[in-house]
Each structure stands twice: as structure tokens, then as C-alpha cells.
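Here's my_file_16.cif, which has mmCIF, C-alpha atoms and all ligand atoms:
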```
data_upload
#
loop_
_atom_site.group_PDB
_atom_site.id
_atom_site.type_symbol
_atom_site.label_atom_id
_atom_site.label_comp_id
_atom_site.auth_asym_id
_atom_site.auth_seq_id
_atom_site.Cartn_x
_atom_site.Cartn_y
_atom_site.Cartn_z
ATOM 1 C CA MET A 1 93.878 93.331 91.396
ATOM 2 C CA THR A 2 96.919 91.182 91.823
ATOM 3 C CA THR A 3 96.771 87.493 92.580
ATOM 4 C CA GLY A 4 99.648 85.888 94.404
ATOM 5 C CA SER A 5 102.310 88.552 93.958
ATOM 6 C CA THR A 6 102.689 92.308 94.027
ATOM 7 C CA THR A 7 105.393 94.598 92.792
ATOM 8 C CA GLU A 8 107.424 95.400 95.897
ATOM 9 C CA ALA A 9 107.209 99.169 95.608
ATOM 10 C CA LYS A 10 103.423 99.167 95.557
ATOM 11 C CA VAL A 11 101.451 99.889 98.697
ATOM 12 C CA GLU A 12 98.875 97.248 99.632
ATOM 13 C CA LEU A 13 95.424 98.731 100.200
ATOM 14 C CA LEU A 14 93.348 95.631 100.912
ATOM 15 C CA GLY A 15 92.389 95.473 104.566
ATOM 16 C CA LEU A 16 92.936 99.156 105.383
ATOM 17 C CA PRO A 17 90.080 100.790 107.301
ATOM 18 C CA LEU A 18 88.668 103.923 105.667
ATOM 19 C CA PRO A 19 90.770 106.499 107.582
ATOM 20 C CA ARG A 20 94.010 104.665 106.734
ATOM 21 C CA LEU A 21 92.894 104.188 103.150
ATOM 22 C CA ALA A 22 92.234 107.940 102.899
ATOM 23 C CA GLU A 23 95.674 108.628 104.345
ATOM 24 C CA ALA A 24 97.368 106.307 101.845
ATOM 25 C CA LEU A 25 95.467 107.804 98.904
ATOM 26 C CA ALA A 26 95.893 111.426 99.978
ATOM 27 C CA PRO A 27 98.880 112.222 97.700
ATOM 28 C CA LEU A 28 96.962 110.981 94.680
ATOM 29 C CA VAL A 29 93.298 111.881 95.008
ATOM 30 C CA ASP A 30 91.941 115.358 94.596
ATOM 31 C CA LYS A 31 88.738 115.138 96.669
ATOM 32 C CA PRO A 32 88.243 113.583 100.120
ATOM 33 C CA PHE A 33 85.182 111.590 98.971
ATOM 34 C CA ARG A 34 87.345 109.587 96.538
ATOM 35 C CA ALA A 35 88.618 107.386 99.379
ATOM 36 C CA ARG A 36 85.013 106.536 100.301
ATOM 37 C CA GLN A 37 84.278 105.863 96.620
ATOM 38 C CA ILE A 38 87.214 103.421 96.378
ATOM 39 C CA HIS A 39 86.342 101.820 99.724
ATOM 40 C CA ASP A 40 82.768 101.237 98.503
ATOM 41 C CA ALA A 41 83.987 99.843 95.193
ATOM 42 C CA ILE A 42 86.107 97.248 97.028
ATOM 43 C CA TYR A 43 83.916 96.178 99.914
ATOM 44 C CA ARG A 44 80.387 96.966 98.694
ATOM 45 C CA ARG A 45 80.711 95.996 95.034
ATOM 46 C CA GLY A 46 83.629 93.574 95.334
ATOM 47 C CA VAL A 47 85.757 95.345 92.696
ATOM 48 C CA THR A 48 89.414 94.477 93.206
ATOM 49 C CA ALA A 49 90.899 95.847 89.960
ATOM 50 C CA PHE A 50 91.463 99.616 89.778
ATOM 51 C CA ASP A 51 90.752 99.427 86.086
ATOM 52 C CA GLU A 52 87.205 98.274 86.801
ATOM 53 C CA MET A 53 86.437 101.225 89.086
ATOM 54 C CA THR A 54 84.743 102.986 86.233
ATOM 55 C CA ASP A 55 83.308 105.744 88.409
ATOM 56 C CA LEU A 56 86.894 107.094 88.648
ATOM 57 C CA SER A 57 88.612 108.943 85.831
ATOM 58 C CA ARG A 58 90.867 106.891 83.587
ATOM 59 C CA ASP A 59 93.928 108.896 84.676
ATOM 60 C CA LEU A 60 93.219 108.202 88.333
ATOM 61 C CA ARG A 61 92.703 104.479 87.683
ATOM 62 C CA VAL A 62 96.074 104.300 85.921
ATOM 63 C CA ALA A 63 97.793 106.244 88.711
ATOM 64 C CA LEU A 64 96.259 103.992 91.363
ATOM 65 C CA GLY A 65 97.433 100.882 89.518
ATOM 66 C CA GLU A 66 100.969 102.270 89.366
ATOM 67 C CA ARG A 67 101.249 102.977 93.101
ATOM 68 C CA PHE A 68 98.924 100.596 94.900
ATOM 69 C CA SER A 69 97.830 96.995 94.892
ATOM 70 C CA LEU A 70 94.782 95.025 96.017
ATOM 71 C CA THR A 71 96.160 91.541 96.527
ATOM 72 C CA LEU A 72 93.832 88.567 96.734
ATOM 73 C CA PRO A 73 95.033 85.071 97.671
ATOM 74 C CA ALA A 74 96.062 82.932 94.681
ATOM 75 C CA ILE A 75 94.034 79.807 93.938
ATOM 76 C CA ARG A 76 96.216 76.680 94.146
ATOM 77 C CA GLU A 77 93.404 74.253 93.589
ATOM 78 C CA ARG A 78 89.638 74.174 93.319
ATOM 79 C CA LEU A 79 87.922 71.004 94.598
ATOM 80 C CA ARG A 80 84.229 70.441 93.971
ATOM 81 C CA ALA A 81 82.559 67.688 96.012
ATOM 82 C CA GLU A 82 79.471 65.640 95.128
ATOM 83 C CA ASP A 83 77.402 67.558 97.678
ATOM 84 C CA ALA A 84 78.135 70.752 95.649
ATOM 85 C CA THR A 85 80.543 72.261 98.174
ATOM 86 C CA THR A 86 83.595 73.845 96.584
ATOM 87 C CA LYS A 87 86.890 74.069 98.425
ATOM 88 C CA LEU A 88 89.428 76.675 97.332
ATOM 89 C CA LEU A 89 92.975 75.862 98.367
ATOM 90 C CA LEU A 90 94.697 79.230 98.526
ATOM 91 C CA ARG A 91 98.244 80.542 98.664
ATOM 92 C CA LEU A 92 99.103 83.808 100.395
ATOM 93 C CA GLU A 93 101.858 86.257 99.496
ATOM 94 C CA ASP A 94 104.443 84.556 101.746
ATOM 95 C CA GLY A 95 103.542 81.090 100.449
ATOM 96 C CA ALA A 96 101.351 80.140 103.421
ATOM 97 C CA SER A 97 98.390 77.914 102.563
ATOM 98 C CA ILE A 98 94.818 78.400 103.701
ATOM 99 C CA GLU A 99 91.410 77.283 102.495
ATOM 100 C CA ALA A 100 87.925 78.669 101.959
ATOM 101 C CA VAL A 101 84.862 76.504 101.337
ATOM 102 C CA ASP A 102 81.598 77.473 99.655
ATOM 103 C CA ILE A 103 78.675 75.523 101.128
ATOM 104 C CA PRO A 104 75.460 75.978 99.118
ATOM 105 C CA ASP A 105 72.248 75.003 100.888
ATOM 106 C CA ARG A 106 69.083 75.523 98.824
ATOM 107 C CA ARG A 107 68.601 79.304 98.873
ATOM 108 C CA ARG A 108 71.529 80.069 101.182
ATOM 109 C CA ARG A 109 75.210 80.329 100.425
ATOM 110 C CA THR A 110 77.688 80.036 103.251
ATOM 111 C CA LEU A 111 81.405 80.635 102.961
ATOM 112 C CA CYS A 112 83.659 78.970 105.506
ATOM 113 C CA ILE A 113 86.889 80.969 105.851
ATOM 114 C CA SER A 114 90.231 80.768 107.650
ATOM 115 C CA SER A 115 91.530 83.081 110.371
ATOM 116 C CA GLN A 116 95.042 81.612 110.666
ATOM 117 C CA ALA A 117 97.425 79.732 108.390
ATOM 118 C CA GLY A 118 97.904 76.610 110.517
ATOM 119 C CA CYS A 119 96.691 76.164 114.092
ATOM 120 C CA GLY A 120 98.487 75.455 117.337
ATOM 121 C CA LEU A 121 95.530 73.930 119.209
ATOM 122 C CA ALA A 122 96.210 70.390 117.975
ATOM 123 C CA CYS A 123 92.678 68.928 118.031
ATOM 124 C CA ALA A 124 93.048 65.199 117.391
ATOM 125 C CA PHE A 125 90.464 65.048 114.579
ATOM 126 C CA CYS A 126 91.814 68.020 112.593
ATOM 127 C CA VAL A 127 94.339 67.975 109.772
ATOM 128 C CA THR A 128 95.238 71.634 110.352
ATOM 129 C CA GLY A 129 95.953 70.869 113.999
ATOM 130 C CA PHE A 130 98.155 67.971 112.934
ATOM 131 C CA TRP A 131 100.396 70.305 110.886
ATOM 132 C CA GLY A 132 100.737 72.712 113.800
ATOM 133 C CA ALA A 133 100.874 76.443 114.419
ATOM 134 C CA GLY A 134 101.401 78.857 111.571
ATOM 135 C CA ARG A 135 100.605 82.522 111.728
ATOM 136 C CA ASN A 136 97.690 84.890 112.127
ATOM 137 C CA LEU A 137 96.067 86.224 108.962
ATOM 138 C CA SER A 138 95.792 89.964 108.473
ATOM 139 C CA ALA A 139 92.387 91.624 108.045
ATOM 140 C CA GLY A 140 93.232 91.977 104.333
ATOM 141 C CA GLU A 141 93.924 88.251 104.019
ATOM 142 C CA ILE A 142 90.600 87.427 105.683
ATOM 143 C CA VAL A 143 88.669 89.872 103.524
ATOM 144 C CA GLY A 144 90.601 88.659 100.466
ATOM 145 C CA GLN A 145 89.108 85.163 100.834
ATOM 146 C CA VAL A 146 85.597 86.629 100.720
ATOM 147 C CA LEU A 147 86.235 88.923 97.764
ATOM 148 C CA LEU A 148 87.967 86.151 95.838
ATOM 149 C CA ALA A 149 85.146 83.678 96.490
ATOM 150 C CA ARG A 150 82.584 86.331 95.546
ATOM 151 C CA ARG A 151 84.270 86.692 92.186
ATOM 152 C CA GLU A 152 85.322 83.098 91.464
ATOM 153 C CA LEU A 153 82.271 81.298 92.833
ATOM 154 C CA GLU A 154 79.712 83.994 92.067
ATOM 155 C CA LEU A 155 78.701 84.325 95.692
ATOM 156 C CA PRO A 156 76.113 86.983 96.510
ATOM 157 C CA PRO A 157 77.498 90.005 98.387
ATOM 158 C CA THR A 158 75.252 89.032 101.319
ATOM 159 C CA VAL A 159 76.804 85.572 101.732
ATOM 160 C CA ASN A 160 76.827 84.002 105.219
ATOM 161 C CA LEU A 161 80.280 83.676 106.735
ATOM 162 C CA VAL A 162 81.587 81.106 109.191
ATOM 163 C CA PHE A 163 85.045 81.220 110.730
ATOM 164 C CA MET A 164 85.443 77.471 110.717
ATOM 165 C CA GLY A 165 88.254 77.030 108.208
ATOM 166 C CA MET A 166 91.884 76.950 109.284
ATOM 167 C CA GLY A 167 92.777 78.406 112.650
ATOM 168 C CA GLU A 168 91.231 79.503 115.919
ATOM 169 C CA PRO A 169 89.573 82.914 115.348
ATOM 170 C CA MET A 170 89.638 83.815 119.053
ATOM 171 C CA LEU A 171 93.447 83.860 118.839
ATOM 172 C CA ASN A 172 93.292 86.424 116.031
ATOM 173 C CA LEU A 173 90.270 88.371 117.129
ATOM 174 C CA GLU A 174 91.554 91.839 116.273
ATOM 175 C CA ALA A 175 92.023 90.971 112.584
ATOM 176 C CA VAL A 176 88.657 89.154 112.564
ATOM 177 C CA ARG A 177 86.978 92.284 113.938
ATOM 178 C CA ASP A 178 88.746 94.577 111.445
ATOM 179 C CA ALA A 179 87.781 92.278 108.547
ATOM 180 C CA LEU A 180 84.131 92.183 109.633
ATOM 181 C CA GLU A 181 84.063 95.983 109.883
ATOM 182 C CA LEU A 182 85.292 96.196 106.289
ATOM 183 C CA LEU A 183 82.693 93.676 105.118
ATOM 184 C CA ALA A 184 79.860 95.239 107.153
ATOM 185 C CA PRO A 185 78.358 97.175 104.189
ATOM 186 C CA THR A 186 77.130 93.855 102.741
ATOM 187 C CA ILE A 187 77.515 91.261 105.512
ATOM 188 C CA SER A 188 75.849 92.106 108.812
ATOM 189 C CA PRO A 189 77.066 90.442 112.044
ATOM 190 C CA ARG A 190 73.890 88.320 112.029
ATOM 191 C CA ARG A 191 75.204 86.588 108.917
ATOM 192 C CA VAL A 192 78.531 85.775 110.558
ATOM 193 C CA THR A 193 79.407 82.897 112.887
ATOM 194 C CA VAL A 194 82.674 82.771 114.806
ATOM 195 C CA SER A 195 83.481 79.228 115.854
ATOM 196 C CA THR A 196 85.883 78.523 118.688
ATOM 197 C CA ALA A 197 87.435 75.467 120.269
ATOM 198 C CA GLY A 198 86.707 77.171 123.592
ATOM 199 C CA VAL A 199 89.205 79.977 124.147
ATOM 200 C CA VAL A 200 87.517 81.623 127.140
ATOM 201 C CA PRO A 201 89.281 85.049 127.034
ATOM 202 C CA GLY A 202 88.270 85.295 123.359
ATOM 203 C CA ILE A 203 84.620 84.534 124.173
ATOM 204 C CA ASP A 204 84.672 87.235 126.855
ATOM 205 C CA ALA A 205 86.309 89.696 124.427
ATOM 206 C CA LEU A 206 83.721 88.928 121.737
ATOM 207 C CA GLY A 207 81.001 89.564 124.297
ATOM 208 C CA ARG A 208 82.253 93.156 124.622
ATOM 209 C CA TRP A 209 81.827 93.926 120.893
ATOM 210 C CA PRO A 210 78.941 96.330 120.333
ATOM 211 C CA ARG A 211 77.732 94.352 117.281
ATOM 212 C CA ARG A 212 78.382 90.668 117.795
ATOM 213 C CA PRO A 213 78.420 87.835 115.285
ATOM 214 C CA ASN A 214 76.896 84.454 116.131
ATOM 215 C CA LEU A 215 78.933 82.178 118.346
ATOM 216 C CA ALA A 216 79.647 78.483 117.779
ATOM 217 C CA ILE A 217 81.564 76.114 120.058
ATOM 218 C CA SER A 218 83.388 72.988 118.892
ATOM 219 C CA LEU A 219 82.384 70.777 121.786
ATOM 220 C CA HIS A 220 82.681 67.136 120.675
ATOM 221 C CA ALA A 221 82.551 65.532 124.139
ATOM 222 C CA PRO A 222 80.296 65.967 127.194
ATOM 223 C CA ASP A 223 82.998 65.628 129.881
ATOM 224 C CA ASP A 224 86.501 66.934 130.553
ATOM 225 C CA GLN A 225 88.189 63.574 130.493
ATOM 226 C CA ARG A 226 87.163 62.761 126.920
ATOM 227 C CA ARG A 227 87.262 66.315 125.646
ATOM 228 C CA SER A 228 90.835 66.791 126.849
ATOM 229 C CA ARG A 229 91.832 63.645 124.963
ATOM 230 C CA ILE A 230 90.707 65.041 121.616
ATOM 231 C CA MET A 231 90.978 68.800 122.293
ATOM 232 C CA PRO A 232 94.072 69.792 124.340
ATOM 233 C CA ILE A 233 92.649 73.325 124.753
ATOM 234 C CA ASN A 234 90.234 71.751 127.251
ATOM 235 C CA ARG A 235 93.112 71.393 129.725
ATOM 236 C CA SER A 236 93.495 75.196 129.735
ATOM 237 C CA TYR A 237 89.768 75.961 129.700
ATOM 238 C CA PRO A 238 87.847 72.972 131.102
ATOM 239 C CA LEU A 239 84.107 72.632 130.544
ATOM 240 C CA ASP A 240 82.984 74.327 133.785
ATOM 241 C CA GLU A 241 85.065 77.378 132.884
ATOM 242 C CA LEU A 242 83.884 77.321 129.250
ATOM 243 C CA PHE A 243 80.213 77.065 130.192
ATOM 244 C CA ALA A 244 80.580 79.797 132.837
ATOM 245 C CA ALA A 245 81.837 82.059 130.023
ATOM 246 C CA LEU A 246 78.936 81.023 127.772
ATOM 247 C CA ARG A 247 76.387 81.716 130.500
ATOM 248 C CA ARG A 248 77.755 85.239 131.057
ATOM 249 C CA TYR A 249 78.003 85.874 127.297
ATOM 250 C CA PRO A 250 75.541 88.677 126.378
ATOM 251 C CA LEU A 251 73.430 86.730 123.904
ATOM 252 C CA GLU A 252 71.005 88.921 121.981
ATOM 253 C CA ALA A 253 67.270 88.168 121.833
ATOM 254 C CA ARG A 254 66.330 85.207 119.621
ATOM 255 C CA ARG A 255 69.953 84.154 119.184
ATOM 256 C CA ARG A 256 71.361 80.806 120.165
ATOM 257 C CA ILE A 257 74.845 79.414 120.631
ATOM 258 C CA THR A 258 75.639 76.606 118.199
ATOM 259 C CA PHE A 259 77.473 73.545 119.496
ATOM 260 C CA GLU A 260 79.351 71.410 116.990
ATOM 261 C CA TYR A 261 79.503 67.786 118.096
ATOM 262 C CA LEU A 262 81.405 65.178 116.095
ATOM 263 C CA LEU A 263 79.813 61.772 116.558
ATOM 264 C CA ILE A 264 82.725 59.401 117.021
ATOM 265 C CA GLU A 265 81.600 55.790 117.106
ATOM 266 C CA GLY A 266 82.180 54.134 120.479
ATOM 267 C CA PHE A 267 83.677 57.325 121.933
ATOM 268 C CA ASN A 268 80.924 59.893 122.484
ATOM 269 C CA ASP A 269 77.795 58.568 120.763
ATOM 270 C CA GLU A 270 75.946 56.683 123.533
ATOM 271 C CA PRO A 271 72.494 57.776 124.790
ATOM 272 C CA ARG A 272 74.109 58.592 128.166
ATOM 273 C CA ASP A 273 76.417 61.017 126.310
ATOM 274 C CA ALA A 274 73.351 62.738 124.857
ATOM 275 C CA ASP A 275 71.932 63.003 128.401
ATOM 276 C CA ALA A 276 75.192 64.468 129.714
ATOM 277 C CA LEU A 277 75.219 66.954 126.833
ATOM 278 C CA ALA A 278 71.612 67.954 127.531
ATOM 279 C CA ARG A 279 72.503 68.584 131.178
ATOM 280 C CA ARG A 280 75.432 70.801 130.131
ATOM 281 C CA LEU A 281 73.210 72.851 127.830
ATOM 282 C CA ALA A 282 70.225 73.157 130.172
ATOM 283 C CA GLY A 283 68.947 76.731 130.277
ATOM 284 C CA LEU A 284 71.335 77.964 127.587
ATOM 285 C CA PRO A 285 69.708 79.054 124.285
ATOM 286 C CA SER A 286 71.485 76.608 122.031
ATOM 287 C CA LYS A 287 71.368 74.301 119.065
ATOM 288 C CA VAL A 288 73.516 71.239 118.449
ATOM 289 C CA ASN A 289 74.954 70.196 115.099
ATOM 290 C CA LEU A 290 75.677 66.483 115.151
ATOM 291 C CA ILE A 291 78.361 65.625 112.606
ATOM 292 C CA PRO A 292 79.058 61.914 111.991
ATOM 293 C CA LEU A 293 82.816 61.455 111.750
ATOM 294 C CA ASN A 294 83.824 59.384 108.769
ATOM 295 C CA PRO A 295 86.688 57.091 109.717
HETATM 296 S S1 LIG B 301 90.998 74.803 116.729
HETATM 297 FE FE1 LIG B 301 90.055 74.298 114.740
HETATM 298 S S2 LIG B 301 91.721 74.520 113.247
HETATM 299 FE FE2 LIG B 301 92.674 74.432 115.276
HETATM 300 S S3 LIG B 301 93.232 72.282 115.556
HETATM 301 FE FE3 LIG B 301 91.202 72.572 116.500
HETATM 302 S S4 LIG B 301 89.709 72.092 114.889
HETATM 303 FE FE4 LIG B 301 91.709 72.385 113.895
#
```
Full structure transcribed into C-alpha cells:
Amino acid sequence: MTTGSTTEAKVELLGLPLPRLAEALAPLVDKPFRARQIHDAIYRRGVTAFDEMTDLSRDLRVALGERFSLTLPAIRERLRAEDATTKLLLRLEDGASIEAVDIPDRRRRTLCISSQAGCGLACAFCVTGFWGAGRNLSAGEIVGQVLLARRELELPPTVNLVFMGMGEPMLNLEAVRDALELLAPTISPRRVTVSTAGVVPGIDALGRWPRRPNLAISLHAPDDQRRSRIMPINRSYPLDELFAALRRYPLEARRRITFEYLLIEGFNDEPRDADALARRLAGLPSKVNLIPLNP
């Protein structure tokens, strides 16, 4: 494993799907099943140092270390809050910053991860939005957050994942899908929630996945006028369009769509707002997370 930097000549393996991993390893490994063995070591057991892949011969481990790398994000800072959440501020290879947050809740552990470094959607209540657009993360950079947190925070391999860190996952859906395929041996789609500000083409695309994660919507206002004020994306995909997409979304049995709703004093927290919200959600299997916004 390398944190933060790799030797230039080395080939990065983290994030490669099995066929591409096998292709990259072909000049070095003697038997085809070795690629599967290495893939399992990384994504099933969370081993990101060749030296620790003790089911491989010592010679092969040394050769792998000389030619390849498995680069995890580097930890810039670790912030533990009173409620026991731990935020990891991370630096990627090109210096971009992202974050991952471990949220323990009694018996459950949930890791909130980033899909982009920065975000161009400019939601008024969001620090990431304030700093503006950055770039999409690769599948390896998404997976790297999980493997790093597994190791540093002793997360179980079956941790729940939410894409609610930096970025809008629907604008980087291909890398999100590739990352989830890599993590699938330990994290089933039922343990994953993809949260969107309401990017309708992304919701439709997610609906076509054969194995779908849970869906969450950052809603935060019951009407277009107020939602557009705090979430500019609403001007592109107003509520009628968003809810039409949610009603055609192929929700599996016993699943619900989660709606995140920031309670902003004097803005969206009146009983009539609750009524308007209830009317919007009528007939849609849903649950609402009310989140008081601290000024
Ligand atoms: S979509 Fe998410 S990350 Fe982007 S600005 Fe809005 S709240 Fe922030």
C-alpha cells in the first residue's frame, strides 16, 4: 500500500475490475486464479499491502510491490466529534481534498463517502458547494476511502455506505457503479444509499441498474420557489419533474426513498410546510429525515 504518493513507473491497481486486473498482472503471475486471489485480498479482506498477501509466495509479493501500487488517500486530519462520529479529511494523489465520515449508531456503522472533489451544484447550505466544482473521483478513489476507513477506523467489512460526502454522485454515476461492483463481495446494494440533490437523468439511470442501492433525495423545501433559492439544481429539475422521476423509479419491495429535509428556522419549518411535504410524498414509499440546521 502507498498513502499519498506512488512511484511514477508503478501501475496503479486499485479500482481495476477483475478482467483489467488480470490483464495488468498477466506478465507477472503464473496462474490465472492469482488475479482472483489478489482481487479477493483487496476487496474482500481489505488488504492493501502486497506484503500482507500472505497466501502469495514471497517472490511474487516482492515482484508485485516493485511493479504495482495500491494507493489509498492520505489522511490530512482526523476529527472526532462528541457524538462519536469521526471525520477523515483526505488528500488525493493530485492534492485534491475530500472527506469520509464514520457514523456509529449502536450496532450499526455507516460510512459517509465522497463521489467528487468539490461540487458544482452550489447548494446554499453546503460548504462544498460554496467552494465550487472540482473533479469526479475515480472508482479507485471511491473504493480507497472505504478501504482506508476499514483499516484506520476498524470498520467491519459489511459497513453501510452513504454517498453523502462531497459531490453529487449522480454526476459521477459510472465510477460509483464501478466502485460498488468492486465492493460487492462485502457490501451488498441494500447496505448502500446514493443521495442526490435531484439530478433527474441520474435517477433514471440508477433505476436501470439490475442491482440498485437505496435512494435518498436532499429535498429541504416543499415548493419550487423556496427550493430554487437554496438549491439551484431545482431550476433545472423542478419538483414536478423530480417527483415524476421518483414515481417511475423501480423501487423494490419493502424499500423506501429517504428524503433529507433541513429544518431552517422561519424558512421551511411551519406546520403548513409539513402539510405541503406530506402532499408531495403521498403514495410514495418514503421516510423523511428532519435535520435541524444549526445557525
Ligand atoms: S449537491 Fe451535495 S455536495 Fe453539492 S453543493 Fe449540494 S449539498 Fe453540497
Counting all atoms listed in the file, what residues are within 9 Å of ligand LIG 301 (chain B), given as a ChimeraX atom specification? /A:114,116,118-133,164-169,195-198,218,231-233
Coordinates-based distance that separates CA of Leu90 in chain A from CA of Arg76 in chain A (Å, one decimal):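 Here the two named atoms are 5.3 Å from each other.
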Could you give me, as a PyMOL selection string, the residues that have an atom at most 10 Å away from the point (94.2, 100.3, 83.1) in the coordinates of the file, using only C-alpha atoms? chain A and resi 49-53+58-66
Selection in question (the file shown): the PyMOL selection byres (((chain A and resi 172-189) around 6) and not hetatm). Which residues does it include, as number ranges by chain? A: 43-44, 138-139, 143, 157-158, 169-171, 190-192, 212-213
Distance query Lys10 in chain A at most 10 Å, all atoms listed in the file, self and fewer than 3 positions along chain excluded, as a compact mmCIF listing (two decimals) with C-alpha atoms, in the coordinates of the input:
```txt
# COMPACT_ATOMS: atom_id res chain seq x y z
CA THR A 6 102.69 92.31 94.03
CA THR A 7 105.39 94.60 92.79
CA LEU A 13 95.42 98.73 100.20
CA LEU A 64 96.26 103.99 91.36
CA GLY A 65 97.43 100.88 89.52
CA GLU A 66 100.97 102.27 89.37
CA ARG A 67 101.25 102.98 93.10
CA PHE A 68 98.92 100.60 94.90
CA SER A 69 97.83 97.00 94.89
CA LEU A 70 94.78 95.02 96.02
```
Closest atom pairs, range 168-233 of chain A residues within 8 Å of range 271-293 of chain A, only C-alpha atoms, as JSON lines:
```
{"residue": "A:Ala221", "atom": "CA", "partner": "A:Asp273", "partner_atom": "CA", "distance": 7.9}
{"residue": "A:Pro222", "atom": "CA", "partner": "A:Leu277", "partner_atom": "CA", "distance": 5.2}
{"residue": "A:Asp223", "atom": "CA", "partner": "A:Ala276", "partner_atom": "CA", "distance": 7.9}
```
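Rounded to one decimal, CA of Gly207 in chain A and CA of Arg254 in chain A lie 16.0 Å from each other.
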Mind giving me the straight-line distance from CA of Ala74 in chain A to CA of Ala149 in chain A in Å, one decimal?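 For CA of Ala74 in chain A relative to CA of Ala149 in chain A, the distance reads 11.1 Å.
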Going by the chain IDs and residue numbers used in this file, which residues fall under the PyMOL selection byres (((chain A and resi 34) around 12) and not hetatm)? Write them as a list in words.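 Applying the expression gives Leu18, Pro19, Leu21, Ala22, Glu23, Ala24, Leu25, Ala26, Pro27, Leu28, Val29, Asp30, Lys31, Pro32, Phe33, Ala35, Arg36, Gln37, Ile38, His39, Asp40, Ala41, Met53, Asp55, Leu56, Ser57, Leu60, Arg61 and Leu64 of chain A.
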Dump as a list of chain:residue names all residues having an atom at most 10 Å from (85.8, 73.4, 130.4), computed in the file's coordinates with only C-alpha atoms. A:Gly198, A:Val199, A:Val200, A:Leu219, A:Pro222, A:Asp223, A:Asp224, A:Arg227, A:Ser228, A:Ile233, A:Asn234, A:Arg235, A:Ser236, A:Tyr237, A:Pro238, A:Leu239, A:Asp240, A:Glu241, A:Leu242, A:Phe243, A:Ala244, A:Ala245
Any chance you can output those residues with C-alpha atoms as a compact mmCIF listing (two decimals), in the coordinates of the input?
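Written out: again_24.txt:
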```
# COMPACT_ATOMS: atom_id res chain seq x y z
CA GLY A 198 86.71 77.17 123.59
CA VAL A 199 89.20 79.98 124.15
CA VAL A 200 87.52 81.62 127.14
CA LEU A 219 82.38 70.78 121.79
CA PRO A 222 80.30 65.97 127.19
CA ASP A 223 83.00 65.63 129.88
CA ASP A 224 86.50 66.93 130.55
CA ARG A 227 87.26 66.32 125.65
CA SER A 228 90.84 66.79 126.85
CA ILE A 233 92.65 73.32 124.75
CA ASN A 234 90.23 71.75 127.25
CA ARG A 235 93.11 71.39 129.72
CA SER A 236 93.50 75.20 129.74
CA TYR A 237 89.77 75.96 129.70
CA PRO A 238 87.85 72.97 131.10
CA LEU A 239 84.11 72.63 130.54
CA ASP A 240 82.98 74.33 133.78
CA GLU A 241 85.06 77.38 132.88
CA LEU A 242 83.88 77.32 129.25
CA PHE A 243 80.21 77.06 130.19
CA ALA A 244 80.58 79.80 132.84
CA ALA A 245 81.84 82.06 130.02
```
A:Arg80, A:Arg20, A:Arg256, A:Arg151: which is nearest Ile217 in chain A, counting only C-alpha atoms? A:Arg256
Evaluate the PyMOL selection byres (((chain A and resi 208) around 12) and not hetatm) against this structure - the residues, as a PyMOL selection string, please. chain A and resi 173+177+201-207+209-213+248-251
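Residue neighbourhood of range 86-88 of chain A, excluding near-sequence residues (fewer than 4 positions): A:Glu77, A:Arg78, A:Leu79, A:Arg80, A:Glu99, A:Ala100, A:Val101, A:Asp102, at 6 Å, using all atoms listed in the file.
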For range 124-136 of chain A, which lacks atoms in the input, supply N, CA and C atoms and format the output as a short mmCIF file (atom, residue, chain, number, x, y, z; two decimals), in the frame of the given file.
```
data_model
loop_
_atom_site.label_atom_id
_atom_site.label_comp_id
_atom_site.auth_asym_id
_atom_site.auth_seq_id
_atom_site.Cartn_x
_atom_site.Cartn_y
_atom_site.Cartn_z
N ALA A 124 92.63 66.51 117.92
CA ALA A 124 93.05 65.20 117.39
C ALA A 124 92.39 64.86 116.05
N PHE A 125 91.21 65.42 115.78
CA PHE A 125 90.46 65.05 114.58
C PHE A 125 90.73 65.99 113.41
N CYS A 126 91.70 66.93 113.56
CA CYS A 126 91.81 68.02 112.59
C CYS A 126 93.17 67.99 111.87
N VAL A 127 93.11 68.02 110.57
CA VAL A 127 94.34 67.97 109.77
C VAL A 127 95.18 69.24 110.02
N THR A 128 94.51 70.39 110.10
CA THR A 128 95.24 71.63 110.35
C THR A 128 96.00 71.55 111.67
N GLY A 129 95.32 71.02 112.69
CA GLY A 129 95.95 70.87 114.00
C GLY A 129 97.15 69.94 113.94
N PHE A 130 97.06 68.93 113.07
CA PHE A 130 98.16 67.97 112.93
C PHE A 130 99.41 68.67 112.41
N TRP A 131 99.24 69.62 111.47
CA TRP A 131 100.40 70.31 110.89
C TRP A 131 100.97 71.39 111.79
N GLY A 132 100.18 71.81 112.78
CA GLY A 132 100.74 72.71 113.80
C GLY A 132 100.53 74.19 113.52
N ALA A 133 101.11 75.00 114.44
CA ALA A 133 100.87 76.44 114.42
C ALA A 133 101.50 77.09 113.19
N GLY A 134 100.85 78.08 112.68
CA GLY A 134 101.40 78.86 111.57
C GLY A 134 101.45 80.31 111.98
N ARG A 135 100.62 81.10 111.36
CA ARG A 135 100.60 82.52 111.73
C ARG A 135 99.18 83.06 111.61
N ASN A 136 98.98 84.21 112.26
CA ASN A 136 97.69 84.89 112.13
C ASN A 136 97.54 85.50 110.74
#
```
